[in-house]
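So the structure is just underneath, and the comments pick up after that.
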Amino acid sequence: MTLTTSTEPTTHTMAAAPLFPVGTKVEVRRRFDQHWAKGFEVADHGADGYRLRRLSDGEVLPVPFDEQSLRKERKKSTWWY
């Protein structure tokens, strides 16, 4: 008796973990001048992208953002921060 193993992919696949989990403070690339804007956190994520919450007033922005438009919030590069 011989056992064979299938090399075909299974239909059960695990969804990949999001790059930016809910609550992560992020910066958003501005479309006007391509600079980064601070003051946002991830409120939700789904197939359409990331929903962001503005930290200044807690409002969730109405438009989803893709991963390429986001990066983790960076700290200042001064020695005391």
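Please note that chains go A, B, ... in the order of the structure tokens, that every chain numbers its residues from 1, and that ligands are numbered from 1 in the order shown.
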Within 9 Å of Phe65 (chain A), counting only C-alpha atoms, which residues show up once you throw out same-chain ones fewer than 4 positions away? Write them as a list in words, please.
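Contacts, in chain order: Val28, Asp48, Gly49, Tyr50, Arg51, Leu52, Ser69 and Leu70 of chain A.
For the pair CA of Ala16 (chain A) and CA of Gln34 (chain A), the interatomic distance is 28.0 Å.
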If I take CA of Pro64 (chain A) and CA of Ala17 (chain A), how far is one from the other in Å, to one decimal?
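Result for CA of Pro64 (chain A) versus CA of Ala17 (chain A): 17.6 Å, one decimal.
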Using Å and a single decimal, report how far CA of Lys75 (chain A) sits from CA of Gly58 (chain A).
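A separation of 21.1 Å between them.
For the set A:Ser56, A:Thr24, A:Arg74, A:Arg30, the residue with the smallest atom-to-atom gap to Val42 (chain A) is A:Thr24, counting only C-alpha atoms.
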For Glu27 (chain A), the nearest of the candidates A:Glu67, A:Asp57, A:Glu73, A:Asp44, counting only C-alpha atoms
A:Glu73
